[in-house]
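Coordinates from query_14.pdb are shown below (PDB, C-alpha atoms and all ligand atoms).
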ATOM      1  CA  MET A   1      27.955  -9.101   9.539  1.00  0.00           C
ATOM      2  CA  THR A   2      27.647  -6.935  12.595  1.00  0.00           C
ATOM      3  CA  ILE A   3      24.036  -5.904  13.155  1.00  0.00           C
ATOM      4  CA  ILE A   4      21.696  -8.846  13.543  1.00  0.00           C
ATOM      5  CA  ALA A   5      18.014  -7.938  13.832  1.00  0.00           C
ATOM      6  CA  VAL A   6      15.560 -10.489  15.171  1.00  0.00           C
ATOM      7  CA  ALA A   7      12.467  -9.251  13.440  1.00  0.00           C
ATOM      8  CA  ASN A   8       8.893 -10.241  12.708  1.00  0.00           C
ATOM      9  CA  THR A   9       6.167  -7.651  13.155  1.00  0.00           C
ATOM     10  CA  LYS A  10       4.015 -10.362  14.721  1.00  0.00           C
ATOM     11  CA  GLY A  11       4.272 -10.661  18.509  1.00  0.00           C
ATOM     12  CA  GLY A  12       4.777 -13.862  20.476  1.00  0.00           C
ATOM     13  CA  VAL A  13       6.730 -15.716  17.800  1.00  0.00           C
ATOM     14  CA  GLY A  14       9.911 -16.150  19.845  1.00  0.00           C
ATOM     15  CA  LYS A  15      11.894 -13.016  18.918  1.00  0.00           C
ATOM     16  CA  SER A  16      13.069 -12.083  22.400  1.00  0.00           C
ATOM     17  CA  THR A  17      13.895 -15.700  23.243  1.00  0.00           C
ATOM     18  CA  ALA A  18      15.989 -15.987  20.092  1.00  0.00           C
ATOM     19  CA  ALA A  19      17.648 -12.572  20.487  1.00  0.00           C
ATOM     20  CA  VAL A  20      18.784 -13.174  24.063  1.00  0.00           C
ATOM     21  CA  HIS A  21      20.172 -16.611  23.241  1.00  0.00           C
ATOM     22  CA  ILE A  22      21.925 -15.427  20.069  1.00  0.00           C
ATOM     23  CA  ALA A  23      23.551 -12.549  21.966  1.00  0.00           C
ATOM     24  CA  ALA A  24      24.765 -14.831  24.762  1.00  0.00           C
ATOM     25  CA  TRP A  25      25.970 -17.469  22.292  1.00  0.00           C
ATOM     26  CA  LEU A  26      28.003 -14.869  20.373  1.00  0.00           C
ATOM     27  CA  HIS A  27      29.527 -13.743  23.663  1.00  0.00           C
ATOM     28  CA  ASP A  28      30.416 -17.368  24.465  1.00  0.00           C
ATOM     29  CA  GLN A  29      32.164 -17.589  21.077  1.00  0.00           C
ATOM     30  CA  GLY A  30      34.511 -14.829  22.234  1.00  0.00           C
ATOM     31  CA  HIS A  31      32.913 -11.787  20.618  1.00  0.00           C
ATOM     32  CA  SER A  32      31.988  -8.500  22.203  1.00  0.00           C
ATOM     33  CA  VAL A  33      28.216  -8.153  21.984  1.00  0.00           C
ATOM     34  CA  LEU A  34      25.656  -5.433  22.515  1.00  0.00           C
ATOM     35  CA  LEU A  35      21.982  -6.299  22.826  1.00  0.00           C
ATOM     36  CA  ALA A  36      19.818  -3.489  21.475  1.00  0.00           C
ATOM     37  CA  ASP A  37      16.377  -3.809  22.981  1.00  0.00           C
ATOM     38  CA  CYS A  38      14.026  -2.250  20.447  1.00  0.00           C
ATOM     39  CA  ASP A  39      10.836  -3.410  22.126  1.00  0.00           C
ATOM     40  CA  THR A  40       9.060  -0.970  24.420  1.00  0.00           C
ATOM     41  CA  GLN A  41       8.588  -3.817  26.941  1.00  0.00           C
ATOM     42  CA  HIS A  42      12.345  -3.965  27.585  1.00  0.00           C
ATOM     43  CA  SER A  43      12.122  -7.596  28.627  1.00  0.00           C
ATOM     44  CA  SER A  44      15.102  -8.926  26.685  1.00  0.00           C
ATOM     45  CA  SER A  45      17.537  -6.346  28.113  1.00  0.00           C
ATOM     46  CA  GLU A  46      16.420  -7.224  31.656  1.00  0.00           C
ATOM     47  CA  TRP A  47      16.719 -10.938  30.917  1.00  0.00           C
ATOM     48  CA  ILE A  48      20.219 -10.793  29.465  1.00  0.00           C
ATOM     49  CA  ARG A  49      21.497  -8.528  32.242  1.00  0.00           C
ATOM     50  CA  GLU A  50      20.757 -11.409  34.623  1.00  0.00           C
ATOM     51  CA  ALA A  51      21.704 -14.287  32.333  1.00  0.00           C
ATOM     52  CA  CYS A  52      24.862 -12.918  30.733  1.00  0.00           C
ATOM     53  CA  PRO A  53      25.952  -9.607  32.296  1.00  0.00           C
ATOM     54  CA  ASP A  54      28.982  -9.340  29.979  1.00  0.00           C
ATOM     55  CA  VAL A  55      26.638  -8.580  27.098  1.00  0.00           C
ATOM     56  CA  LYS A  56      26.071  -4.842  27.159  1.00  0.00           C
ATOM     57  CA  THR A  57      22.558  -3.553  26.632  1.00  0.00           C
ATOM     58  CA  VAL A  58      20.997  -0.448  25.198  1.00  0.00           C
ATOM     59  CA  ILE A  59      17.367   0.488  24.802  1.00  0.00           C
ATOM     60  CA  LEU A  60      16.586   1.778  21.321  1.00  0.00           C
ATOM     61  CA  ASP A  61      12.838   1.724  21.024  1.00  0.00           C
ATOM     62  CA  LYS A  62      12.327   4.774  18.821  1.00  0.00           C
ATOM     63  CA  PRO A  63      12.828   4.721  15.052  1.00  0.00           C
ATOM     64  CA  ASP A  64      15.007   7.860  15.013  1.00  0.00           C
ATOM     65  CA  ASP A  65      17.241   6.522  17.778  1.00  0.00           C
ATOM     66  CA  ILE A  66      17.776   3.317  15.806  1.00  0.00           C
ATOM     67  CA  LEU A  67      18.572   5.153  12.579  1.00  0.00           C
ATOM     68  CA  ASN A  68      20.869   7.670  14.277  1.00  0.00           C
ATOM     69  CA  GLU A  69      22.640   5.590  16.897  1.00  0.00           C
ATOM     70  CA  LEU A  70      22.901   2.026  15.677  1.00  0.00           C
ATOM     71  CA  PRO A  71      25.810   2.490  13.233  1.00  0.00           C
ATOM     72  CA  ALA A  72      28.056   4.136  15.837  1.00  0.00           C
ATOM     73  CA  LEU A  73      27.161   1.493  18.417  1.00  0.00           C
ATOM     74  CA  ALA A  74      27.997  -1.218  15.906  1.00  0.00           C
ATOM     75  CA  GLN A  75      31.469   0.273  15.406  1.00  0.00           C
ATOM     76  CA  GLU A  76      32.289  -0.253  19.068  1.00  0.00           C
ATOM     77  CA  THR A  77      31.450  -3.932  19.244  1.00  0.00           C
ATOM     78  CA  ASP A  78      31.805  -7.130  17.244  1.00  0.00           C
ATOM     79  CA  PHE A  79      28.061  -7.793  17.100  1.00  0.00           C
ATOM     80  CA  VAL A  80      24.888  -5.913  17.836  1.00  0.00           C
ATOM     81  CA  VAL A  81      21.889  -8.176  18.338  1.00  0.00           C
ATOM     82  CA  ALA A  82      18.679  -6.182  18.088  1.00  0.00           C
ATOM     83  CA  ASP A  83      15.526  -7.610  19.606  1.00  0.00           C
ATOM     84  CA  GLY A  84      12.824  -6.280  17.320  1.00  0.00           C
ATOM     85  CA  PRO A  85       9.456  -4.941  18.390  1.00  0.00           C
ATOM     86  CA  GLY A  86       6.112  -6.567  17.718  1.00  0.00           C
ATOM     87  CA  SER A  87       3.574  -4.248  16.202  1.00  0.00           C
ATOM     88  CA  GLN A  88       5.577  -1.001  16.026  1.00  0.00           C
ATOM     89  CA  THR A  89       6.086  -1.064  12.293  1.00  0.00           C
ATOM     90  CA  GLU A  90       8.161   2.129  12.082  1.00  0.00           C
ATOM     91  CA  THR A  91      10.590   0.788  14.663  1.00  0.00           C
ATOM     92  CA  SER A  92      10.955  -2.427  12.664  1.00  0.00           C
ATOM     93  CA  ARG A  93      11.433  -0.443   9.496  1.00  0.00           C
ATOM     94  CA  ALA A  94      14.231   1.599  11.030  1.00  0.00           C
ATOM     95  CA  LEU A  95      15.908  -1.556  12.288  1.00  0.00           C
ATOM     96  CA  LEU A  96      15.742  -3.298   8.921  1.00  0.00           C
ATOM     97  CA  LEU A  97      17.203  -0.240   7.218  1.00  0.00           C
ATOM     98  CA  ARG A  98      20.261  -0.622   9.474  1.00  0.00           C
ATOM     99  CA  ALA A  99      20.622  -4.392   9.916  1.00  0.00           C
ATOM    100  CA  ASP A 100      23.061  -6.653   8.067  1.00  0.00           C
ATOM    101  CA  LEU A 101      21.131  -9.835   8.833  1.00  0.00           C
ATOM    102  CA  ALA A 102      17.486 -10.337   9.754  1.00  0.00           C
ATOM    103  CA  VAL A 103      16.601 -13.480  11.676  1.00  0.00           C
ATOM    104  CA  VAL A 104      12.861 -14.021  11.303  1.00  0.00           C
ATOM    105  CA  PRO A 105      11.324 -16.394  13.854  1.00  0.00           C
ATOM    106  CA  CYS A 106       8.089 -17.894  12.639  1.00  0.00           C
ATOM    107  CA  LYS A 107       5.765 -20.418  14.212  1.00  0.00           C
ATOM    108  CA  ALA A 108       5.357 -23.496  12.075  1.00  0.00           C
ATOM    109  CA  SER A 109       1.810 -23.622  10.843  1.00  0.00           C
ATOM    110  CA  MET A 110       0.264 -22.848   7.504  1.00  0.00           C
ATOM    111  CA  LEU A 111      -1.586 -19.898   9.065  1.00  0.00           C
ATOM    112  CA  GLU A 112       1.609 -18.420  10.459  1.00  0.00           C
ATOM    113  CA  ILE A 113       3.522 -18.940   7.241  1.00  0.00           C
ATOM    114  CA  ARG A 114       0.713 -17.192   5.356  1.00  0.00           C
ATOM    115  CA  ALA A 115       0.823 -14.324   7.848  1.00  0.00           C
ATOM    116  CA  LEU A 116       4.550 -14.101   7.200  1.00  0.00           C
ATOM    117  CA  ALA A 117       3.952 -12.300   3.905  1.00  0.00           C
ATOM    118  CA  LYS A 118       2.444  -9.417   5.884  1.00  0.00           C
ATOM    119  CA  ALA A 119       4.896  -9.713   8.766  1.00  0.00           C
ATOM    120  CA  THR A 120       7.877  -9.462   6.419  1.00  0.00           C
ATOM    121  CA  GLU A 121       6.549  -6.617   4.295  1.00  0.00           C
ATOM    122  CA  VAL A 122       8.886  -4.078   5.905  1.00  0.00           C
ATOM    123  CA  LEU A 123      11.752  -6.507   5.402  1.00  0.00           C
ATOM    124  CA  ARG A 124      11.048  -6.688   1.678  1.00  0.00           C
ATOM    125  CA  GLN A 125      10.800  -2.903   1.465  1.00  0.00           C
ATOM    126  CA  ALA A 126      14.197  -2.559   3.114  1.00  0.00           C
ATOM    127  CA  GLN A 127      15.719  -5.183   0.804  1.00  0.00           C
ATOM    128  CA  ASP A 128      14.237  -3.411  -2.190  1.00  0.00           C
ATOM    129  CA  ILE A 129      15.683  -0.041  -1.141  1.00  0.00           C
ATOM    130  CA  ARG A 130      19.065  -1.451  -0.095  1.00  0.00           C
ATOM    131  CA  GLY A 131      19.754  -3.750  -3.023  1.00  0.00           C
ATOM    132  CA  GLY A 132      18.969  -6.975  -1.160  1.00  0.00           C
ATOM    133  CA  LEU A 133      20.089  -6.059   2.345  1.00  0.00           C
ATOM    134  CA  PRO A 134      19.508  -7.125   5.034  1.00  0.00           C
ATOM    135  CA  LYS A 135      20.160 -10.764   4.307  1.00  0.00           C
ATOM    136  CA  ALA A 136      17.342 -12.681   5.928  1.00  0.00           C
ATOM    137  CA  ILE A 137      16.605 -16.161   7.195  1.00  0.00           C
ATOM    138  CA  ILE A 138      13.440 -17.699   8.613  1.00  0.00           C
ATOM    139  CA  VAL A 139      13.814 -19.705  11.811  1.00  0.00           C
ATOM    140  CA  LEU A 140      10.921 -21.971  12.687  1.00  0.00           C
ATOM    141  CA  SER A 141      10.125 -21.613  16.356  1.00  0.00           C
ATOM    142  CA  MET A 142       7.831 -23.328  18.838  1.00  0.00           C
ATOM    143  CA  VAL A 143       7.650 -26.339  16.562  1.00  0.00           C
ATOM    144  CA  GLY A 144       5.882 -29.472  17.870  1.00  0.00           C
ATOM    145  CA  LYS A 145       8.227 -32.413  18.523  1.00  0.00           C
ATOM    146  CA  LYS A 146       6.473 -34.621  15.965  1.00  0.00           C
ATOM    147  CA  TYR A 147       6.200 -31.786  13.523  1.00  0.00           C
ATOM    148  CA  ARG A 148       6.919 -32.199   9.820  1.00  0.00           C
ATOM    149  CA  LEU A 149       7.346 -29.326   7.451  1.00  0.00           C
ATOM    150  CA  THR A 150       4.638 -29.850   4.841  1.00  0.00           C
ATOM    151  CA  GLN A 151       5.142 -29.241   1.148  1.00  0.00           C
ATOM    152  CA  ASP A 152       2.539 -26.444   1.375  1.00  0.00           C
ATOM    153  CA  MET A 153       4.619 -24.627   3.917  1.00  0.00           C
ATOM    154  CA  ILE A 154       7.873 -25.129   2.052  1.00  0.00           C
ATOM    155  CA  GLU A 155       6.237 -23.634  -1.034  1.00  0.00           C
ATOM    156  CA  ALA A 156       4.672 -20.736   0.882  1.00  0.00           C
ATOM    157  CA  ALA A 157       8.045 -19.851   2.408  1.00  0.00           C
ATOM    158  CA  ALA A 158       9.811 -20.243  -0.924  1.00  0.00           C
ATOM    159  CA  ALA A 159       7.283 -17.872  -2.515  1.00  0.00           C
ATOM    160  CA  LEU A 160       8.524 -15.200  -0.107  1.00  0.00           C
ATOM    161  CA  ASN A 161      12.051 -15.777  -1.380  1.00  0.00           C
ATOM    162  CA  LEU A 162      13.380 -16.259   2.118  1.00  0.00           C
ATOM    163  CA  PRO A 163      15.671 -19.142   3.018  1.00  0.00           C
ATOM    164  CA  MET A 164      14.740 -21.230   6.044  1.00  0.00           C
ATOM    165  CA  ALA A 165      17.176 -22.554   8.637  1.00  0.00           C
ATOM    166  CA  LYS A 166      17.381 -26.366   8.723  1.00  0.00           C
ATOM    167  CA  THR A 167      17.360 -26.460  12.534  1.00  0.00           C
ATOM    168  CA  PRO A 168      14.050 -25.424  14.143  1.00  0.00           C
ATOM    169  CA  LEU A 169      13.464 -24.446  17.756  1.00  0.00           C
ATOM    170  CA  VAL A 170      11.081 -26.963  19.284  1.00  0.00           C
ATOM    171  CA  LEU A 171       8.220 -25.979  21.609  1.00  0.00           C
ATOM    172  CA  ARG A 172       9.660 -26.786  25.028  1.00  0.00           C
ATOM    173  CA  GLN A 173       8.644 -25.624  28.484  1.00  0.00           C
ATOM    174  CA  ILE A 174      12.288 -24.915  29.312  1.00  0.00           C
ATOM    175  CA  TYR A 175      12.358 -21.929  26.919  1.00  0.00           C
ATOM    176  CA  ALA A 176       9.312 -20.449  28.639  1.00  0.00           C
ATOM    177  CA  ASP A 177      10.896 -20.998  32.067  1.00  0.00           C
ATOM    178  CA  ALA A 178      14.242 -19.429  31.168  1.00  0.00           C
ATOM    179  CA  PRO A 179      13.390 -15.688  31.455  1.00  0.00           C
ATOM    180  CA  GLY A 180      11.725 -16.161  34.857  1.00  0.00           C
ATOM    181  CA  GLN A 181      14.943 -17.728  36.100  1.00  0.00           C
ATOM    182  CA  GLY A 182      17.077 -15.062  34.468  1.00  0.00           C
ATOM    183  CA  ALA A 183      18.898 -17.863  32.660  1.00  0.00           C
ATOM    184  CA  LEU A 184      19.795 -19.164  29.239  1.00  0.00           C
ATOM    185  CA  VAL A 185      18.733 -22.705  28.446  1.00  0.00           C
ATOM    186  CA  TRP A 186      22.354 -23.919  28.537  1.00  0.00           C
ATOM    187  CA  GLN A 187      22.580 -22.695  32.141  1.00  0.00           C
ATOM    188  CA  MET A 188      19.587 -24.784  33.191  1.00  0.00           C
ATOM    189  CA  GLY A 189      21.061 -28.244  33.665  1.00  0.00           C
ATOM    190  CA  ALA A 190      20.103 -31.681  32.377  1.00  0.00           C
ATOM    191  CA  ARG A 191      16.439 -30.848  31.756  1.00  0.00           C
ATOM    192  CA  ALA A 192      17.539 -28.303  29.174  1.00  0.00           C
ATOM    193  CA  ARG A 193      20.015 -30.490  27.306  1.00  0.00           C
ATOM    194  CA  GLU A 194      18.017 -30.913  24.111  1.00  0.00           C
ATOM    195  CA  ALA A 195      17.063 -27.247  24.009  1.00  0.00           C
ATOM    196  CA  SER A 196      20.684 -26.188  24.512  1.00  0.00           C
ATOM    197  CA  MET A 197      21.883 -28.469  21.768  1.00  0.00           C
ATOM    198  CA  GLU A 198      19.302 -27.369  19.226  1.00  0.00           C
ATOM    199  CA  ALA A 199      19.825 -23.673  19.994  1.00  0.00           C
ATOM    200  CA  LYS A 200      23.599 -23.955  19.605  1.00  0.00           C
ATOM    201  CA  ARG A 201      23.190 -26.027  16.438  1.00  0.00           C
ATOM    202  CA  LEU A 202      20.864 -23.379  15.010  1.00  0.00           C
ATOM    203  CA  PHE A 203      23.199 -20.479  15.787  1.00  0.00           C
ATOM    204  CA  SER A 204      26.205 -22.327  14.324  1.00  0.00           C
ATOM    205  CA  GLU A 205      24.111 -22.920  11.218  1.00  0.00           C
ATOM    206  CA  ILE A 206      22.931 -19.351  10.717  1.00  0.00           C
ATOM    207  CA  LEU A 207      26.133 -17.611  11.913  1.00  0.00           C
ATOM    208  CA  PRO A 208      28.914 -19.974  10.786  1.00  0.00           C
ATOM    209  CA  GLU A 209      31.464 -17.170  10.553  1.00  0.00           C
ATOM    210  CA  ALA A 210      30.900 -16.231  14.190  1.00  0.00           C
ATOM    211  CA  LYS A 211      31.559 -19.664  15.606  1.00  0.00           C
ATOM    212  CA  ALA A 212      34.629 -19.869  17.878  1.00  0.00           C
ATOM    213  CA  LYS A 213      37.702 -19.847  17.542  1.00  0.00           C
ATOM    214  CA  LYS A 214      38.702 -19.341  13.972  1.00  0.00           C
ATOM    215  CA  VAL A 215      37.566 -15.726  13.847  1.00  0.00           C
ATOM    216  CA  LYS A 216      39.479 -12.851  15.356  1.00  0.00           C
ATOM    217  CA  THR A 217      37.382 -10.341  17.236  1.00  0.00           C
ATOM    218  CA  LYS A 218      37.828  -6.680  16.349  1.00  0.00           C
ATOM    219  CA  ARG A 219      39.673  -6.200  19.637  1.00  0.00           C
ATOM    220  CA  GLU A 220      42.124  -9.041  18.898  1.00  0.00           C
ATOM    221  CA  ALA A 221      42.649  -7.749  15.394  1.00  0.00           C
ATOM    222  CA  ARG A 222      43.515  -4.308  16.783  1.00  0.00           C
ATOM    223  CA  ARG A 223      45.889  -5.859  19.322  1.00  0.00           C
ATOM    224  CA  SER A 224      47.759  -7.908  16.764  1.00  0.00           C
ATOM    225  CA  ALA A 225      47.877  -5.014  14.276  1.00  0.00           C
TER     226      ALA A 225
HETATM  227  N1  LIG A 301      10.637 -22.692  21.718  1.00  0.00           N
HETATM  228  C1  LIG A 301       9.771 -22.289  22.666  1.00  0.00           C
HETATM  229  N2  LIG A 301       9.083 -23.196  23.391  1.00  0.00           N
HETATM  230  C2  LIG A 301       8.181 -22.805  24.342  1.00  0.00           C
HETATM  231  N3  LIG A 301       7.916 -21.529  24.651  1.00  0.00           N
HETATM  232  C3  LIG A 301       8.564 -20.575  23.968  1.00  0.00           C
HETATM  233  C4  LIG A 301       9.533 -20.885  22.951  1.00  0.00           C
HETATM  234  N4  LIG A 301      10.015 -19.718  22.460  1.00  0.00           N
HETATM  235  C5  LIG A 301       9.402 -18.731  23.142  1.00  0.00           C
HETATM  236  N5  LIG A 301       8.527 -19.227  24.045  1.00  0.00           N
HETATM  237  C6  LIG A 301       7.627 -18.465  24.938  1.00  0.00           C
HETATM  238  O1  LIG A 301       6.615 -17.873  24.118  1.00  0.00           O
HETATM  239  C7  LIG A 301       6.327 -16.545  24.525  1.00  0.00           C
HETATM  240  C8  LIG A 301       6.669 -15.563  23.392  1.00  0.00           C
HETATM  241  O2  LIG A 301       8.067 -15.624  23.133  1.00  0.00           O
HETATM  242  P1  LIG A 301       8.939 -14.300  22.945  1.00  0.00           P
HETATM  243  O3  LIG A 301      10.343 -14.736  22.735  1.00  0.00           O
HETATM  244  O4  LIG A 301       8.676 -13.337  24.053  1.00  0.00           O
HETATM  245  O5  LIG A 301       8.305 -13.773  21.583  1.00  0.00           O
HETATM  246  P2  LIG A 301       8.288 -12.281  20.951  1.00  0.00           P
HETATM  247  O6  LIG A 301       9.502 -11.570  21.422  1.00  0.00           O
HETATM  248  O7  LIG A 301       8.267 -12.528  19.470  1.00  0.00           O
HETATM  249  O8  LIG A 301       7.023 -11.644  21.402  1.00  0.00           O
HETATM  250  C9  LIG A 301       7.164 -16.312  25.778  1.00  0.00           C
HETATM  251  O9  LIG A 301       6.384 -16.616  26.893  1.00  0.00           O
HETATM  252  C10 LIG A 301       8.312 -17.305  25.630  1.00  0.00           C
HETATM  253  O10 LIG A 301       8.838 -17.697  26.890  1.00  0.00           O
HETATM  254 MG    MG A 302       9.750  -9.734  22.378  1.00  0.00          MG
END
Here is a file; write its structure as structure tokens.
Amino acid sequence: MTIIAVANTKGGVGKSTAAVHIAAWLHDQGHSVLLADCDTQHSSSEWIREACPDVKTVILDKPDDILNELPALAQETDFVVADGPGSQTETSRALLLRADLAVVPCKASMLEIRALAKATEVLRQAQDIRGGLPKAIIVLSMVGKKYRLTQDMIEAAAALNLPMAKTPLVLRQIYADAPGQGALVWQMGARAREASMEAKRLFSEILPEAKAKKVKTKREARRSA
């Protein structure tokens, strides 16, 4: 699983926050990582350059660039994490035609879950064309601390045939403060402890094969070959 797309054609659902943290976490697990910034705002590439300069970045905000360049870029690195755009549907479509895994952040309310049918339409088209690929998982984001997943929401998500990660990302000020400080939550001290723990738990859950140290990176595999 090399190309991970963080995708939801709705804006403001936590895509860039998730993409930057996933990319940095994969780097911390010993992998070489490229962050492909597919949003015309370019905010995630700027953020990760400050927070984790070892993660390389590339801006790929045009559909043709994604379709043409992503496979070759993926060959050169263990993981590409693509931060998907908001409303640019054709850019999302290109990304989902190339991705191995789609991580779909979604705010946890009935309205948002209903909107998810529309927001994941391009995902379903790609899966239909590609015989089920990309694999996809919903990640609940900006969830209230006292929040409970209601049966309605479980059923609405199940109707979309998308699995949902067990660990949600809670609504916490620290996540909103992180980009301004050019930091990841696990670089932000005691105040960020809970956020760091939940983020790492989530990434271990959705990317178990990437977790350190059992896996060999492509570079190590080449060296030992
Ligand atoms: N778990 C969270 N708790 C609080 N604020 C968050 C959280 N995740 C993201 N945010 C903030 O919400 C806004 C939208 O998040 P962002 O990651 O930019 O979404 P997208 O890339 O989908 O537009 C940003 O201001 C971000 O800092
Ligand atoms: Mg974004």
Axis-aligned box over every listed atom of ligand LIG 301 (chain A), padded by 4 Å per side: centre and edges in Å to one decimal, as JSON?
{"center_x": 8.5, "center_y": -17.4, "center_z": 23.2, "size_x": 12.3, "size_y": 19.6, "size_z": 15.4}
Q: Name the residues that the PyMOL selection byres (((chain A and resi 13) around 7) and not hetatm) picks from the file above, as number ranges by chain, using the file's chain letters and numbers.
A: A: 10-12, 14-15, 105-107, 141
Q) So how many Å separate CA of Ala115 (chain A) and CA of Ala82 (chain A), to one decimal? A)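 Atom-to-atom, CA of Ala115 (chain A) and CA of Ala82 (chain A) are spaced 22.1 Å apart.
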(Q) Please determine, counting all atoms listed in the file, which residue among A:Ala108, A:Leu73, A:Ala117, A:Leu96 has the shortest atom-to-atom distance to Lys135 (chain A). (A)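 Closest residue, counting all atoms listed in the file: A:Leu96.
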Q) Any idea what's packed within 9 Å of Ile3 (chain A), counting only C-alpha atoms, ignoring anything in its chain fewer than 4 positions away? Could you give it as a list in words? A)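 Counting only the stated atoms, we get Leu70, Pro71, Ala74, Asp78, Phe79, Val80, Val81, Ala82, Arg98, Ala99, Asp100, Leu101 and Ala102 of chain A.
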Q) What is the CA of Thr2 (chain A)-CA of Gln75 (chain A) distance in Å, reported with one decimal? A)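 Result for CA of Thr2 (chain A) versus CA of Gln75 (chain A): 8.6 Å, one decimal.
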Q | Residue IDs satisfying the PyMOL selection byres (((chain A and resi 32) around 8) and not hetatm), as a list in words | A |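 Matching residues under the PyMOL selection byres (((chain A and resi 32) around 8) and not hetatm) are Leu26, His27, Gly30, His31, Val33, Leu34, Val55, Thr77, Asp78, Phe79 and Thr217 of chain A.
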Based on the selection just made, write C-alpha atoms of those residues as a PDB file, in the frame of the given file.
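The resulting file, result.pdb, is shown below:
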ATOM      1  CA  LEU A  26      28.003 -14.869  20.373  1.00  0.00           C
ATOM      2  CA  HIS A  27      29.527 -13.743  23.663  1.00  0.00           C
ATOM      3  CA  GLY A  30      34.511 -14.829  22.234  1.00  0.00           C
ATOM      4  CA  HIS A  31      32.913 -11.787  20.618  1.00  0.00           C
ATOM      5  CA  VAL A  33      28.216  -8.153  21.984  1.00  0.00           C
ATOM      6  CA  LEU A  34      25.656  -5.433  22.515  1.00  0.00           C
ATOM      7  CA  VAL A  55      26.638  -8.580  27.098  1.00  0.00           C
ATOM      8  CA  THR A  77      31.450  -3.932  19.244  1.00  0.00           C
ATOM      9  CA  ASP A  78      31.805  -7.130  17.244  1.00  0.00           C
ATOM     10  CA  PHE A  79      28.061  -7.793  17.100  1.00  0.00           C
ATOM     11  CA  THR A 217      37.382 -10.341  17.236  1.00  0.00           C
TER      12      THR A 217
END
Q) Once you count only C-alpha atoms and all ligand atoms, which residues end up within 9 Å of ligand LIG 301 (chain A), and could you hand them over as a PyMOL selection string? A) chain A and resi 6-20+39+43-44+83-86+105-106+141-144+168-180+195
